[in-house]
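This is model.cif (mmCIF, C-alpha atoms).
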data_target
#
loop_
_atom_site.group_PDB
_atom_site.id
_atom_site.type_symbol
_atom_site.label_atom_id
_atom_site.label_comp_id
_atom_site.auth_asym_id
_atom_site.auth_seq_id
_atom_site.Cartn_x
_atom_site.Cartn_y
_atom_site.Cartn_z
ATOM 1 C CA MET A 607 145.213 144.394 123.901
ATOM 2 C CA ASP A 608 143.879 141.258 122.228
ATOM 3 C CA TYR A 609 144.678 137.767 123.416
ATOM 4 C CA ARG A 610 148.031 136.407 122.237
ATOM 5 C CA HIS A 611 149.192 132.883 121.552
ATOM 6 C CA GLU A 612 151.549 131.442 124.167
ATOM 7 C CA TRP A 613 153.878 128.448 124.247
ATOM 8 C CA LYS A 614 155.934 127.310 127.201
ATOM 9 C CA HIS A 615 158.626 124.613 127.182
ATOM 10 C CA GLU A 616 160.691 123.228 130.050
ATOM 11 C CA ILE A 617 164.309 123.078 128.878
ATOM 12 C CA ASN A 618 167.758 122.336 130.295
ATOM 13 C CA GLN A 619 171.077 124.185 130.359
ATOM 14 C CA ALA A 620 172.275 122.679 127.073
ATOM 15 C CA ASP A 621 169.026 123.783 125.392
ATOM 16 C CA LEU A 622 169.523 127.270 126.794
ATOM 17 C CA LEU A 623 172.963 127.607 125.215
ATOM 18 C CA VAL A 624 171.668 126.436 121.833
ATOM 19 C CA LEU A 625 168.598 128.685 121.874
ATOM 20 C CA ARG A 626 170.560 131.726 122.993
ATOM 21 C CA GLN A 627 172.838 131.485 119.949
ATOM 22 C CA ARG A 628 170.003 130.806 117.525
ATOM 23 C CA LEU A 629 167.849 133.649 118.785
ATOM 24 C CA ARG A 630 170.683 136.163 118.833
ATOM 25 C CA ALA A 631 171.175 135.433 115.135
ATOM 26 C CA VAL A 632 167.596 136.129 114.031
ATOM 27 C CA THR A 633 165.945 138.460 116.580
ATOM 28 C CA THR A 634 166.340 142.013 117.832
ATOM 29 C CA PRO A 635 167.700 142.754 121.321
ATOM 30 C CA ASP A 636 165.132 143.947 123.832
ATOM 31 C CA PRO A 637 165.947 147.633 124.535
ATOM 32 C CA HIS A 638 165.078 147.205 128.222
ATOM 33 C CA ALA A 639 167.609 144.421 128.804
ATOM 34 C CA VAL A 640 170.995 145.036 130.418
ATOM 35 C CA ASP A 641 173.702 142.806 128.950
ATOM 36 C CA GLY A 642 170.931 140.807 127.319
ATOM 37 C CA LYS A 643 168.922 140.095 130.466
ATOM 38 C CA TYR A 644 167.075 141.584 133.401
ATOM 39 C CA LEU A 645 165.864 140.602 136.837
ATOM 40 C CA ILE A 646 162.140 140.321 137.525
ATOM 41 C CA ARG A 647 160.462 140.422 140.910
ATOM 42 C CA SER A 648 156.709 139.763 141.144
ATOM 43 C CA LEU A 649 154.289 139.633 144.048
ATOM 44 C CA TYR A 650 151.342 137.334 143.318
ATOM 45 C CA PHE A 651 147.879 137.567 144.865
ATOM 46 C CA ASP A 652 145.482 134.801 145.841
ATOM 47 C CA ASN A 653 142.607 134.304 148.265
ATOM 48 C CA ALA A 654 142.272 132.219 151.418
ATOM 49 C CA VAL A 655 141.370 129.051 149.491
ATOM 50 C CA ASP A 656 144.086 129.563 146.848
ATOM 51 C CA LYS A 657 141.652 130.063 143.970
ATOM 52 C CA ALA A 658 144.313 131.128 141.439
ATOM 53 C CA LEU A 659 146.597 128.257 142.396
ATOM 54 C CA ARG A 660 143.845 125.626 142.337
ATOM 55 C CA GLU A 661 142.510 126.767 138.967
ATOM 56 C CA LYS A 662 146.004 126.518 137.510
ATOM 57 C CA LEU A 663 146.662 123.052 138.947
ATOM 58 C CA ASP A 664 143.204 121.817 137.905
ATOM 59 C CA GLY A 665 143.666 123.044 134.337
ATOM 60 C CA VAL A 666 140.740 125.488 134.345
ATOM 61 C CA SER A 667 140.667 126.973 130.848
ATOM 62 C CA ARG A 668 139.481 130.481 131.754
ATOM 63 C CA ARG A 669 141.344 132.015 134.679
ATOM 64 C CA GLU A 670 143.124 135.141 135.885
ATOM 65 C CA LYS A 671 145.726 136.260 138.382
ATOM 66 C CA PHE A 672 147.022 139.573 139.709
ATOM 67 C CA ARG A 673 150.605 140.549 140.453
ATOM 68 C CA ILE A 674 152.774 143.582 141.138
ATOM 69 C CA ARG A 675 156.079 143.608 139.269
ATOM 70 C CA TYR A 676 159.300 145.567 138.985
ATOM 71 C CA TYR A 677 162.566 145.081 137.144
ATOM 72 C CA ASN A 678 166.279 145.178 137.938
ATOM 73 C CA GLU A 679 165.657 146.097 141.586
ATOM 74 C CA ASP A 680 164.277 149.493 140.477
ATOM 75 C CA THR A 681 161.175 150.298 142.530
ATOM 76 C CA SER A 682 160.728 153.721 140.897
ATOM 77 C CA LEU A 683 158.786 152.073 138.059
ATOM 78 C CA MET A 684 156.295 149.421 139.134
ATOM 79 C CA HIS A 685 153.279 147.812 137.513
ATOM 80 C CA LEU A 686 150.097 146.180 138.679
ATOM 81 C CA GLU A 687 149.314 143.436 136.164
ATOM 82 C CA LYS A 688 146.372 141.159 135.502
ATOM 83 C CA LYS A 689 147.132 138.042 133.464
ATOM 84 C CA SER A 690 144.072 136.435 131.846
ATOM 85 C CA LYS A 691 144.112 133.032 130.153
ATOM 86 C CA ILE A 692 141.687 131.243 127.846
ATOM 87 C CA GLY A 693 143.151 127.910 126.820
ATOM 88 C CA GLY A 694 146.425 128.574 125.006
ATOM 89 C CA LEU A 695 145.756 132.310 124.663
ATOM 90 C CA GLY A 696 146.859 134.980 127.116
ATOM 91 C CA LYS A 697 146.315 138.674 127.708
ATOM 92 C CA LYS A 698 148.091 141.054 130.080
ATOM 93 C CA GLN A 699 146.639 144.333 131.383
ATOM 94 C CA SER A 700 148.860 146.771 133.230
ATOM 95 C CA ALA A 701 148.690 149.940 135.344
ATOM 96 C CA GLY A 702 151.522 151.973 136.794
ATOM 97 C CA LEU A 703 152.112 152.123 140.556
ATOM 98 C CA THR A 704 154.373 154.187 142.774
ATOM 99 C CA ALA A 705 156.443 152.432 145.410
ATOM 100 C CA VAL A 706 154.256 154.021 148.092
ATOM 101 C CA GLN A 707 151.072 152.721 146.448
ATOM 102 C CA ALA A 708 152.559 149.251 146.097
ATOM 103 C CA GLN A 709 153.554 149.188 149.766
ATOM 104 C CA ASP A 710 150.075 150.364 150.761
ATOM 105 C CA ILE A 711 148.573 147.424 148.864
ATOM 106 C CA VAL A 712 151.005 145.025 150.534
ATOM 107 C CA GLU A 713 150.078 146.389 153.960
ATOM 108 C CA GLY A 714 146.336 146.355 153.282
ATOM 109 C CA SER A 715 145.904 150.152 153.190
ATOM 110 C CA LEU A 716 143.397 150.086 150.361
ATOM 111 C CA ASP A 717 141.004 153.038 150.691
ATOM 112 C CA TRP A 718 142.846 155.173 148.132
ATOM 113 C CA MET A 719 142.281 152.472 145.500
ATOM 114 C CA ALA A 720 138.517 153.079 145.560
ATOM 115 C CA ASP A 721 139.076 156.534 144.029
ATOM 116 C CA SER A 722 141.681 155.514 141.470
ATOM 117 C CA SER A 723 141.085 156.489 137.845
ATOM 118 C CA GLU A 724 142.961 153.339 136.782
ATOM 119 C CA GLU A 725 140.389 150.640 136.078
ATOM 120 C CA LEU A 726 142.811 147.844 136.944
ATOM 121 C CA ILE A 727 143.661 149.314 140.342
ATOM 122 C CA TYR A 728 139.963 149.691 141.106
ATOM 123 C CA GLU A 729 139.301 146.106 139.962
ATOM 124 C CA LEU A 730 141.976 144.779 142.315
ATOM 125 C CA TYR A 731 140.483 146.881 145.121
ATOM 126 C CA VAL A 732 137.036 145.376 144.565
ATOM 127 C CA LYS A 733 138.407 141.831 144.471
ATOM 128 C CA MET A 734 140.539 142.371 147.567
ATOM 129 C CA ARG A 735 137.416 143.580 149.364
ATOM 130 C CA THR A 736 134.951 141.009 148.022
ATOM 131 C CA GLN A 737 137.052 137.925 147.200
ATOM 132 C CA GLY A 738 139.729 138.259 149.861
ATOM 133 C CA LEU A 739 142.666 138.571 147.458
ATOM 134 C CA ARG A 740 145.898 139.151 149.382
ATOM 135 C CA PRO A 741 149.634 139.106 148.619
ATOM 136 C CA LYS A 742 150.684 135.468 148.674
ATOM 137 C CA THR A 743 154.258 134.933 147.482
ATOM 138 C CA ILE A 744 157.275 136.629 145.920
ATOM 139 C CA VAL A 745 158.644 135.232 142.660
ATOM 140 C CA ASP A 746 162.137 136.211 141.464
ATOM 141 C CA TYR A 747 163.867 135.114 138.274
ATOM 142 C CA THR A 748 166.271 136.140 135.514
ATOM 143 C CA ARG A 749 164.923 136.684 132.004
ATOM 144 C CA GLU A 750 166.674 136.829 128.635
ATOM 145 C CA PRO A 751 164.255 138.460 126.145
ATOM 146 C CA PHE A 752 164.278 138.413 122.336
ATOM 147 C CA VAL A 753 161.891 140.236 119.995
ATOM 148 C CA PHE A 754 160.928 139.777 116.335
ATOM 149 C CA GLY A 755 158.775 142.334 114.512
ATOM 150 C CA PRO A 756 156.663 140.206 112.129
ATOM 151 C CA GLY A 757 153.944 138.543 114.163
ATOM 152 C CA ASN A 758 154.867 140.736 117.162
ATOM 153 C CA VAL A 759 156.878 137.824 118.550
ATOM 154 C CA ARG A 760 158.507 137.799 121.956
ATOM 155 C CA VAL A 761 160.703 134.904 123.074
ATOM 156 C CA THR A 762 162.045 134.683 126.619
ATOM 157 C CA LEU A 763 164.370 132.369 128.508
ATOM 158 C CA ASP A 764 163.632 132.368 132.252
ATOM 159 C CA TYR A 765 165.792 130.767 134.933
ATOM 160 C CA HIS A 766 167.105 131.045 138.512
ATOM 161 C CA ILE A 767 163.508 130.995 139.781
ATOM 162 C CA ARG A 768 163.369 131.832 143.482
ATOM 163 C CA THR A 769 160.572 132.276 145.996
ATOM 164 C CA GLY A 770 159.921 134.184 149.199
ATOM 165 C CA SER A 771 157.000 134.434 151.599
ATOM 166 C CA CYS A 772 157.904 137.720 153.339
ATOM 167 C CA CYS A 773 155.483 139.735 151.234
ATOM 168 C CA GLY A 774 155.885 142.826 153.388
ATOM 169 C CA ASP A 775 159.497 143.049 152.193
ATOM 170 C CA PHE A 776 158.563 142.913 148.517
ATOM 171 C CA LEU A 777 160.066 146.335 147.813
ATOM 172 C CA ASN A 778 163.336 145.463 149.536
ATOM 173 C CA PRO A 779 165.685 144.041 146.877
ATOM 174 C CA ASP A 780 167.690 142.373 149.654
ATOM 175 C CA CYS A 781 164.807 140.446 151.191
ATOM 176 C CA PRO A 782 165.677 136.734 151.341
ATOM 177 C CA THR A 783 164.438 134.337 148.686
ATOM 178 C CA ILE A 784 165.328 130.692 148.112
ATOM 179 C CA PRO A 785 165.436 128.439 145.022
ATOM 180 C CA ALA A 786 161.938 127.249 144.080
ATOM 181 C CA GLY A 787 162.736 123.552 144.294
ATOM 182 C CA GLU A 788 164.068 121.907 141.138
ATOM 183 C CA ALA A 789 162.579 124.569 138.870
ATOM 184 C CA PRO A 790 163.495 124.104 135.196
ATOM 185 C CA ILE A 791 164.555 126.736 132.708
ATOM 186 C CA ILE A 792 161.486 128.011 130.863
ATOM 187 C CA LEU A 793 161.273 128.938 127.200
ATOM 188 C CA GLU A 794 158.256 131.135 126.449
ATOM 189 C CA VAL A 795 157.099 132.120 122.961
ATOM 190 C CA LYS A 796 154.316 134.678 122.478
ATOM 191 C CA TRP A 797 152.876 136.011 119.241
ATOM 192 C CA ASP A 798 149.797 137.635 117.741
ATOM 193 C CA SER A 799 148.116 136.177 114.649
ATOM 194 C CA TYR A 800 150.996 134.104 113.271
ATOM 195 C CA LEU A 801 154.386 132.695 114.253
ATOM 196 C CA PRO A 802 156.996 133.198 111.499
ATOM 197 C CA ASP A 803 158.775 130.043 110.334
ATOM 198 C CA ILE A 804 162.181 131.517 111.166
ATOM 199 C CA ILE A 805 161.208 131.731 114.853
ATOM 200 C CA ARG A 806 159.372 128.395 114.822
ATOM 201 C CA ASP A 807 162.562 126.768 113.506
ATOM 202 C CA ALA A 808 164.819 128.641 115.929
ATOM 203 C CA VAL A 809 162.939 127.443 119.034
ATOM 204 C CA ARG A 810 162.367 123.866 117.857
ATOM 205 C CA LEU A 811 164.093 121.333 120.128
ATOM 206 C CA PRO A 812 163.857 117.539 119.870
ATOM 207 C CA GLY A 813 161.752 116.011 122.636
ATOM 208 C CA ARG A 814 160.482 119.315 124.008
ATOM 209 C CA ARG A 815 156.721 119.732 124.122
ATOM 210 C CA VAL A 816 154.417 122.532 125.180
ATOM 211 C CA THR A 817 153.917 122.574 128.957
ATOM 212 C CA ALA A 818 151.607 124.376 131.376
ATOM 213 C CA PHE A 819 154.407 125.334 133.778
ATOM 214 C CA SER A 820 153.550 128.143 136.209
ATOM 215 C CA LYS A 821 156.219 130.078 138.116
ATOM 216 C CA TYR A 822 153.597 131.039 140.689
ATOM 217 C CA ALA A 823 152.577 127.415 141.263
ATOM 218 C CA GLN A 824 156.234 126.331 141.423
ATOM 219 C CA CYS A 825 156.948 128.990 144.018
ATOM 220 C CA ARG A 826 154.043 127.834 146.180
ATOM 221 C CA ILE A 827 155.697 124.468 146.903
ATOM 222 C CA TYR A 828 156.784 125.774 150.303
ATOM 223 C CA GLY A 829 153.397 127.122 151.325
#

Write-out of the structure in C-alpha cells:
Amino acid sequence: MDYRHEWKHEINQADLLVLRQRLRAVTTPDPHAVDGKYLIRSLYFDNAVDKALREKLDGVSRREKFRIRYYNEDTSLMHLEKKSKIGGLGKKQSAGLTAVQAQDIVEGSLDWMADSSEELIYELYVKMRTQGLRPKTIVDYTREPFVFGPGNVRVTLDYHIRTGSCCGDFLNPDCPTIPAGEAPIILEVKWDSYLPDIIRDAVRLPGRRVTAFSKYAQCRIYG
C-alpha cells in the first residue's frame, strides 16, 4: 500500500452532530460498522525510553509504531499493525493474528515469531529482541466510519477515548479502562491522490485546523 494523505481535527460535540448528518448524506456506510459505529481496542508498543512517544511529541517527520488491534470485543479476528508516517502522509501494514498468538506476544513468549512467514510479525519479533519494544498501553475508543469511492476516501469520527495499563488483560473485553483525560473528539480524513470537493466541503468547519493529535500519546498521560 502506498502512503495516503491524512488530516486530523479536534472537534466538539456540536461539530460531531453536524458532521454526522453531512457525511451520511454524501458517503457510503462502512460494511463493518454496527449501527453506524464500532468499538476499537488497540495495544501499543514502545521501548524503555518511550521512543515512539518521544518522536511523536517532538514532531519527528519520519516515524513508526506497532499495535495489535481488534474490533467490537471480538478476539477471533485480530491484527498486528505497523503505522508509518512521513510528514502528513501515512501508511498502514497489517498481518492477521490468532488470540493465542496475541497473548503470547503480550506475555513475551516470542520464539514462534522467528519462524513466521508474515514479514510484519517477524519485523516486530526482531525489534522486540533488539530495540526492547514491549506492550505499553491499551487504547479504547468508539469510531463512526464513512467511505467515499472516488479518491478512496475514509472519514472517521472517534470519541470516548479510554486508556488502560493492564496490558496482560488486553484480550479481556472487561478489563478496566478509564477516560484518557479531557480527550477531544477526533475527525480523521484519509485519501489517496486527491480529496473530492464534496468531501472537502462536508468536513469543513469554521475555526478547525489540522492537528497532530495522537490517541497513543493522549493515553500515556497516566504513565

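If only C-alpha atoms are the atoms counted, then among A:Gly774, A:Gly702, A:Gly813, A:Pro637 the closest residue to Thr743 (chain A) is A:Gly774.
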
Which residues of region 713-800 of chain A come within 12 Å of region 622-632 of chain A, and for each one, what is the closest pair of atoms and their distance in Å to one decimal, counting only C-alpha atoms, sorted by chain and residue number, as a Markdown table?
| residue | atom | partner | partner_atom | distance |
| --- | --- | --- | --- | --- |
| A:Arg749 | CA | A:Leu622 | CA | 11.7 |
| A:Glu750 | CA | A:Arg626 | CA | 8.5 |
| A:Pro751 | CA | A:Leu629 | CA | 9.5 |
| A:Phe752 | CA | A:Leu629 | CA | 6.9 |
| A:Val753 | CA | A:Leu629 | CA | 9.0 |
| A:Phe754 | CA | A:Val632 | CA | 7.9 |
| A:Gly755 | CA | A:Val632 | CA | 10.8 |
| A:Pro756 | CA | A:Val632 | CA | 11.8 |
| A:Val759 | CA | A:Leu629 | CA | 11.7 |
| A:Arg760 | CA | A:Leu629 | CA | 10.7 |
| A:Val761 | CA | A:Leu629 | CA | 8.4 |
| A:Thr762 | CA | A:Arg626 | CA | 9.7 |
| A:Leu763 | CA | A:Leu622 | CA | 7.4 |
| A:Asp764 | CA | A:Leu622 | CA | 9.5 |
| A:Tyr765 | CA | A:Leu622 | CA | 9.6 |
| A:Pro790 | CA | A:Leu622 | CA | 10.8 |
| A:Ile791 | CA | A:Leu622 | CA | 7.7 |
| A:Ile792 | CA | A:Leu622 | CA | 9.0 |
| A:Leu793 | CA | A:Leu622 | CA | 8.4 |
| A:Glu794 | CA | A:Leu625 | CA | 11.6 |
| A:Val795 | CA | A:Leu629 | CA | 11.6 |

Using the chain letters and residue numbers of this document, give as a PyMOL selection string the residues selected by the PyMOL selection byres ((chain A and resi 687-700) around 7). chain A and resi 607-612+667-674+685-686+701-702

Nearest residue to Pro812 (chain A) from the set A:Asp717, A:Asp621, A:Glu661, A:Asp710 (distances using all atoms listed in the file): A:Asp621

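When all atoms listed in the file are used to measure the gap to Arg735 (chain A), the shortest distance among A:Asp780, A:Asn653, A:His638, A:Ser820 belongs to A:Asn653.
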
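Across the model, the gap from CA of Trp613 (chain A) to CA of Arg806 (chain A) is 10.9 Å.
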
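In this model, the gap between CA of Asp656 (chain A) and CA of Gly738 (chain A) comes to 10.2 Å.
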
Working from the structure I just supplied, which lacks atoms in region 730-748 of chain A, can you model N, CA, C and O atoms there and output them as an mmCIF file, in the frame of the given file?
data_model
loop_
_atom_site.group_PDB
_atom_site.id
_atom_site.type_symbol
_atom_site.label_atom_id
_atom_site.label_comp_id
_atom_site.auth_asym_id
_atom_site.auth_seq_id
_atom_site.Cartn_x
_atom_site.Cartn_y
_atom_site.Cartn_z
ATOM 1 N N LEU A 730 141.292 145.508 141.240
ATOM 2 C CA LEU A 730 141.976 144.779 142.315
ATOM 3 C C LEU A 730 141.395 145.156 143.671
ATOM 4 O O LEU A 730 141.197 144.287 144.530
ATOM 5 N N TYR A 731 141.093 146.431 143.859
ATOM 6 C CA TYR A 731 140.483 146.881 145.121
ATOM 7 C C TYR A 731 139.188 146.122 145.387
ATOM 8 O O TYR A 731 138.980 145.587 146.488
ATOM 9 N N VAL A 732 138.318 146.059 144.388
ATOM 10 C CA VAL A 732 137.036 145.376 144.565
ATOM 11 C C VAL A 732 137.260 143.907 144.906
ATOM 12 O O VAL A 732 136.612 143.350 145.811
ATOM 13 N N LYS A 733 138.188 143.261 144.241
ATOM 14 C CA LYS A 733 138.407 141.831 144.471
ATOM 15 C C LYS A 733 139.149 141.562 145.779
ATOM 16 O O LYS A 733 138.967 140.495 146.387
ATOM 17 N N MET A 734 139.941 142.522 146.239
ATOM 18 C CA MET A 734 140.539 142.371 147.567
ATOM 19 C C MET A 734 139.466 142.508 148.641
ATOM 20 O O MET A 734 139.499 141.810 149.661
ATOM 21 N N ARG A 735 138.500 143.369 148.392
ATOM 22 C CA ARG A 735 137.416 143.580 149.364
ATOM 23 C C ARG A 735 136.386 142.451 149.326
ATOM 24 O O ARG A 735 135.877 142.038 150.377
ATOM 25 N N THR A 736 136.061 141.968 148.140
ATOM 26 C CA THR A 736 134.951 141.009 148.022
ATOM 27 C C THR A 736 135.389 139.557 147.930
ATOM 28 O O THR A 736 134.658 138.658 148.343
ATOM 29 N N GLN A 737 136.578 139.294 147.376
ATOM 30 C CA GLN A 737 137.052 137.925 147.200
ATOM 31 C C GLN A 737 138.187 137.554 148.151
ATOM 32 O O GLN A 737 138.622 136.404 148.177
ATOM 33 N N GLY A 738 138.663 138.541 148.901
ATOM 34 C CA GLY A 738 139.729 138.259 149.861
ATOM 35 C C GLY A 738 141.096 138.080 149.241
ATOM 36 O O GLY A 738 141.962 137.407 149.829
ATOM 37 N N LEU A 739 141.334 138.652 148.042
ATOM 38 C CA LEU A 739 142.666 138.571 147.458
ATOM 39 C C LEU A 739 143.673 139.259 148.369
ATOM 40 O O LEU A 739 143.412 140.350 148.889
ATOM 41 N N ARG A 740 144.822 138.609 148.550
ATOM 42 C CA ARG A 740 145.898 139.151 149.382
ATOM 43 C C ARG A 740 147.239 138.762 148.767
ATOM 44 O O ARG A 740 147.344 137.762 148.070
ATOM 45 N N PRO A 741 148.300 139.530 149.066
ATOM 46 C CA PRO A 741 149.634 139.106 148.619
ATOM 47 C C PRO A 741 149.943 137.718 149.156
ATOM 48 O O PRO A 741 149.711 137.436 150.335
ATOM 49 N N LYS A 742 150.481 136.856 148.280
ATOM 50 C CA LYS A 742 150.684 135.468 148.674
ATOM 51 C C LYS A 742 152.145 135.038 148.624
ATOM 52 O O LYS A 742 152.625 134.382 149.548
ATOM 53 N N THR A 743 152.863 135.373 147.567
ATOM 54 C CA THR A 743 154.258 134.933 147.482
ATOM 55 C C THR A 743 155.039 135.808 146.522
ATOM 56 O O THR A 743 154.486 136.374 145.576
ATOM 57 N N ILE A 744 156.344 135.910 146.794
ATOM 58 C CA ILE A 744 157.275 136.629 145.920
ATOM 59 C C ILE A 744 157.892 135.635 144.946
ATOM 60 O O ILE A 744 158.265 134.527 145.323
ATOM 61 N N VAL A 745 158.013 136.051 143.690
ATOM 62 C CA VAL A 745 158.644 135.232 142.660
ATOM 63 C C VAL A 745 159.752 136.057 142.003
ATOM 64 O O VAL A 745 159.484 137.126 141.445
ATOM 65 N N ASP A 746 160.984 135.573 142.097
ATOM 66 C CA ASP A 746 162.137 136.211 141.464
ATOM 67 C C ASP A 746 162.676 135.314 140.366
ATOM 68 O O ASP A 746 162.687 134.081 140.516
ATOM 69 N N TYR A 747 163.151 135.900 139.284
ATOM 70 C CA TYR A 747 163.867 135.114 138.274
ATOM 71 C C TYR A 747 164.624 136.040 137.324
ATOM 72 O O TYR A 747 164.415 137.260 137.305
ATOM 73 N N THR A 748 165.518 135.448 136.553
ATOM 74 C CA THR A 748 166.271 136.140 135.514
ATOM 75 C C THR A 748 165.648 135.827 134.168
ATOM 76 O O THR A 748 165.285 134.680 133.896
#
